[in-house]
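Peer 1: Take a look at the following structure, please.
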Amino acid sequence: MHEHPLQRFFKSLREQPVFAWERFQMRDVLVINHPLCQAVFSRQGAQLLHFQPTGQKPWLWCAAKWPQVGAIRGGVPVCWPWYGRHPSENAWPSHGWARLIDWKLLDSSTDDDGVRLHWQLQLCDWQVDLHAHLGETLELRLSTEHQDELPCQLSHALHAYWRIGNVGEIALSGLDGAQGYDQLSRQVCQQQGELRVDGGCQRVFQHEGELQLKDHAWQRELCIDTGDSADTVVWHPGSRPLLGVSFNEASGFVCVESAMAGASLAPGERAHLSLQARAGG
Ligand SMILES: O=P(O)(O)OC[C@H]1O[C@@H](O)[C@H](O)[C@@H](O)[C@@H]1O
């Protein structure tokens with residue numbers, strides 16, 4: 001298993017500041033070094049690319065090689081203001097504009113509990129805010145509003161790539177009985193027992209509460225909470241090649257995402273999405 005590509009920023013023996021901007025693969029990245037955790041965000045997409053509580057293995061996966069322009073595959077891409085294909089514009093990029101654009105970092109602070117960051121993106125009449133709290137646990141909250149005169153369609157996701165020992169040796173529990181839709185077989189489905197994703201998986205579940213990502217190879221359990229208003233999407237490409245990602249690399253992640261399918265958002269109304277994770281076991 002390769003080292004996480006962003007662990008390179010934490011090798012120095014000299015004392016490092018809590019927040020430091022660096023350049024990496026033609027992007028600005030914010031390197032965070034706190035006694036409780038190490039983390040890296042890219043300004044592009046306000047994307048959390050690396051998160052590692054002290055003394056643990058990394059929780060998030062990230063591709064080693066990034067395209068010169070375009071989406072960075074890894075961490076927690078913010079898919080916004082649409083998720084998946086645009087409902088009417090076929091030529092528009094998959095998963096929306098937010099992961100392709102630089103966001104503003106409005107605030108960053110640190111205390112004994114970890115670090116807090118507030119990122120914002122304003123686009124036409126729309127505003128989206130991402131609040132992050134990182135320490136022993138991971139917490140991301142996304143909130144959207146617009147000032148258009150009419151209700152607008154929104155769909156969005158926190159598309160987390162979780163780092164695992166090997167995709168063939170993981171199981172997701174906590175989904176037993178959940179109703180869902182299998183986008184590969186294009187059929188509704190109901191989960192029975194644990195979900196294994198070896199061979200590919202693209203399912204959307206209506207599910208509330210925590211689920212457990214059990215990683216037998218790494219003997220680790222992560223408890224993931226996608227909040228109460230969202231769908232839980234489980235995705236892995238199986239043997240389908242991903243541009244710029246080797247088969248070996250791809251066996252080191254599974255996506256468990258907090259997502260909301262298309263909904264109508266009235267002017268001034270706020271839509272929320274959250275993703276939390278803690279070490280279990
Ligand atoms: O390659 P992208 O645009 O980052 O998307 C990755 C995957 O994201 C998943 O959430 C979708 O279900 C897949 O269909 C898609 O392939």
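Labels for the structure tokens follow display order: chains A, B, ..., residues from 1 in each chain, ligands from 1.
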Please identify every polymer residue within 8 Å of ligand 1, using only C-alpha atoms and all ligand atoms, and present the set as an NGL selection string.

Peer 2: :A and (71 or 73 or 83-84 or 93-95 or 159 or 183 or 202-203 or 233-237 or 242 or 255 or 257)

Peer 1: Residues near Val188 (chain A), anyone? I mean within 10 Å using only C-alpha atoms, not counting same-chain ones fewer than 5 positions away, as a CSV table (one decimal) with C-alpha atoms, in the first residue's frame.

Peer 2:
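Produced file part_14.csv, reproduced below:
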```csv
chain,number,residue,atom,x,y,z
A,179,GLN,CA,-34.3,0.7,1.2
A,180,GLY,CA,-32.2,1.8,-1.7
A,181,TYR,CA,-31.7,2.0,-5.4
A,182,ASP,CA,-28.9,0.1,-7.2
A,183,GLN,CA,-27.7,2.3,-10.1
A,203,ARG,CA,-26.2,2.3,-4.4
A,204,VAL,CA,-28.2,5.1,-2.9
A,205,PHE,CA,-29.8,4.3,0.5
```

Peer 1: CA of Leu138 (chain A) and CA of Asp113 (chain A), how far apart in Å?

Peer 2: 11.5 Å

Peer 1: From the options A:Arg278, A:Arg270, A:His216, A:His50, which residue's atoms come nearest to Ala63 (chain A), counting only C-alpha atoms?

Peer 2: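 When distances to Ala63 (chain A) are compared using only C-alpha atoms, the smallest one comes from A:His50.
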
Peer 1: Could you give me, as a list of chain:residue names, the residues within 9 Å of Asn33 (chain A), counting only C-alpha atoms and dropping anything in the same chain fewer than 2 positions from it?

Peer 2: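 These residues fall inside the cut-off: A:Phe10, A:Gln16, A:Pro17, A:Val18, A:Phe19, A:Ala20, A:Val31, A:Pro35, A:Leu36, A:Cys37, A:Gln38, A:Ala39, A:Val40.
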
Peer 1: Could you write those residues out with N, CA and C atoms, as a PDB file, in the first residue's frame?

Peer 2:
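What landed in selection33.pdb:
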```pdb
ATOM      1  N   PHE A  10       4.371  16.364   6.406  1.00  0.00           N
ATOM      2  CA  PHE A  10       4.482  16.232   7.857  1.00  0.00           C
ATOM      3  C   PHE A  10       5.774  15.506   8.272  1.00  0.00           C
ATOM      4  N   GLN A  16       6.187  22.819  13.350  1.00  0.00           N
ATOM      5  CA  GLN A  16       5.441  23.427  12.244  1.00  0.00           C
ATOM      6  C   GLN A  16       4.276  24.255  12.785  1.00  0.00           C
ATOM      7  N   PRO A  17       3.906  25.348  12.081  1.00  0.00           N
ATOM      8  CA  PRO A  17       2.746  26.113  12.527  1.00  0.00           C
ATOM      9  C   PRO A  17       1.468  25.290  12.355  1.00  0.00           C
ATOM     10  N   VAL A  18       0.392  25.700  13.024  1.00  0.00           N
ATOM     11  CA  VAL A  18      -0.870  24.938  12.886  1.00  0.00           C
ATOM     12  C   VAL A  18      -1.399  25.042  11.459  1.00  0.00           C
ATOM     13  N   PHE A  19      -1.329  26.251  10.873  1.00  0.00           N
ATOM     14  CA  PHE A  19      -1.819  26.445   9.498  1.00  0.00           C
ATOM     15  C   PHE A  19      -0.680  26.963   8.620  1.00  0.00           C
ATOM     16  N   ALA A  20      -0.453  26.336   7.476  1.00  0.00           N
ATOM     17  CA  ALA A  20       0.577  26.833   6.546  1.00  0.00           C
ATOM     18  C   ALA A  20       0.133  26.557   5.113  1.00  0.00           C
ATOM     19  N   VAL A  31      -1.978  23.274   4.832  1.00  0.00           N
ATOM     20  CA  VAL A  31      -1.474  22.156   5.635  1.00  0.00           C
ATOM     21  C   VAL A  31      -1.769  22.458   7.106  1.00  0.00           C
ATOM     22  N   PRO A  35      -1.921  19.242  17.513  1.00  0.00           N
ATOM     23  CA  PRO A  35      -1.566  18.083  18.344  1.00  0.00           C
ATOM     24  C   PRO A  35      -2.540  16.903  18.204  1.00  0.00           C
ATOM     25  N   LEU A  36      -3.809  17.169  17.866  1.00  0.00           N
ATOM     26  CA  LEU A  36      -4.776  16.073  17.759  1.00  0.00           C
ATOM     27  C   LEU A  36      -4.851  15.446  16.373  1.00  0.00           C
ATOM     28  N   CYS A  37      -4.438  16.206  15.335  1.00  0.00           N
ATOM     29  CA  CYS A  37      -4.604  15.667  13.973  1.00  0.00           C
ATOM     30  C   CYS A  37      -3.750  16.416  12.953  1.00  0.00           C
ATOM     31  N   GLN A  38      -3.527  15.747  11.827  1.00  0.00           N
ATOM     32  CA  GLN A  38      -2.927  16.394  10.663  1.00  0.00           C
ATOM     33  C   GLN A  38      -3.974  16.361   9.543  1.00  0.00           C
ATOM     34  N   ALA A  39      -3.986  17.436   8.747  1.00  0.00           N
ATOM     35  CA  ALA A  39      -4.988  17.507   7.685  1.00  0.00           C
ATOM     36  C   ALA A  39      -4.479  18.419   6.579  1.00  0.00           C
ATOM     37  N   VAL A  40      -5.051  18.256   5.386  1.00  0.00           N
ATOM     38  CA  VAL A  40      -4.725  19.141   4.261  1.00  0.00           C
ATOM     39  C   VAL A  40      -6.020  19.446   3.501  1.00  0.00           C
TER      40      VAL A  40
END
```

Peer 1: As a VMD selection string, please: all residues of region 174-220 of chain A that backbone DSSP puts in strand (DSSP E or B).

Peer 2: chain A and resid 179 to 182 187 to 190 195 201 to 206 210 to 215 220

Peer 1: With a distance cut-off of 9 Å and only C-alpha atoms, select the neighbouring residues of His118 (chain A), excluding the residue or stretch itself and same-chain residues fewer than 2 positions from it, and output the selection as a list in words.

Peer 2: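 The neighbour list is Lys104, Leu105, Leu106, Asp107, Ser108, Arg116, Gln120, Asp129, Leu130, His131 and Ala132 of chain A.
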
Peer 1: Counting only C-alpha atoms, what is within 8 Å of Pro5 (chain A), bar same-chain residues fewer than 2 positions away, as a list in words?

Peer 2: Glu3, Gln7, Arg8, Cys62, Ala63 and Ala64 of chain A

Peer 1: Those selected residues, please, written with C-alpha atoms and delivered as a tab-separated table (two decimals), in the first residue's frame.

Peer 2:
```
chain	number	residue	atom	x	y	z
A	3	GLU	CA	1.90	6.18	1.47
A	7	GLN	CA	1.82	12.83	4.29
A	8	ARG	CA	4.94	14.37	2.68
A	62	CYS	CA	-6.38	10.73	-2.26
A	63	ALA	CA	-5.06	10.00	-5.76
A	64	ALA	CA	-1.28	10.43	-6.06
```

Peer 1: Using only C-alpha atoms for the distances, tell me which of A:Ala171, A:Leu243, A:Leu13, A:Leu275 is nearest to Gly209 (chain A).

Peer 2: A:Leu275

Peer 1: Excluding Pro87 (chain A) and residues on its chain fewer than 4 positions from it, collect all residues at most 10 Å away from it, counting only C-alpha atoms, and give them as a list in words.

Peer 2: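 So, after excluding close chain neighbours, the residues are Trp82, Tyr83, Trp92, Gln153, Ser155 and Gly262 of chain A.
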
Peer 1: Convert the current residue selection to file output with C-alpha atoms, as a PDB file, in the first residue's frame.

Peer 2:
```pdb
ATOM      1  CA  TRP A  82     -25.793  19.495  -8.651  1.00  0.00           C
ATOM      2  CA  TYR A  83     -24.777  15.924  -7.908  1.00  0.00           C
ATOM      3  CA  TRP A  92     -21.824  20.541 -18.007  1.00  0.00           C
ATOM      4  CA  GLN A 153     -33.350  23.144  -7.949  1.00  0.00           C
ATOM      5  CA  SER A 155     -28.710  18.613  -5.355  1.00  0.00           C
ATOM      6  CA  GLY A 262     -32.790  17.213  -6.395  1.00  0.00           C
TER       7      GLY A 262
END
```

Peer 1: Find the residue from A:Trp59, A:Trp218, A:Phe247, A:Trp126 that sits nearest to Ala279 (chain A); use only C-alpha atoms when measuring.

Peer 2: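 Ranking A:Trp59, A:Trp218, A:Phe247, A:Trp126 by distance to Ala279 (chain A), first place goes to A:Trp59.
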
Peer 1: Hey, what's within 6 Å of Tyr161 (chain A) if we count only C-alpha atoms and toss same-chain stuff fewer than 4 positions away? As a VMD selection string, please?

Peer 2: chain A and resid 60 to 61 74 to 75 253 to 255

Peer 1: What does the distance from CA of Leu121 (chain A) to CA of Asp28 (chain A) come to in Å, to one decimal?

Peer 2: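 Answer for the CA of Leu121 (chain A) to CA of Asp28 (chain A) separation: 16.0 Å.
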
Peer 1: Quick one: distance from CA of Leu140 (chain A) to CA of Ala259 (chain A) in Å, one decimal?

Peer 2: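 Interatomic distance, CA of Leu140 (chain A) to CA of Ala259 (chain A): 12.8 Å.
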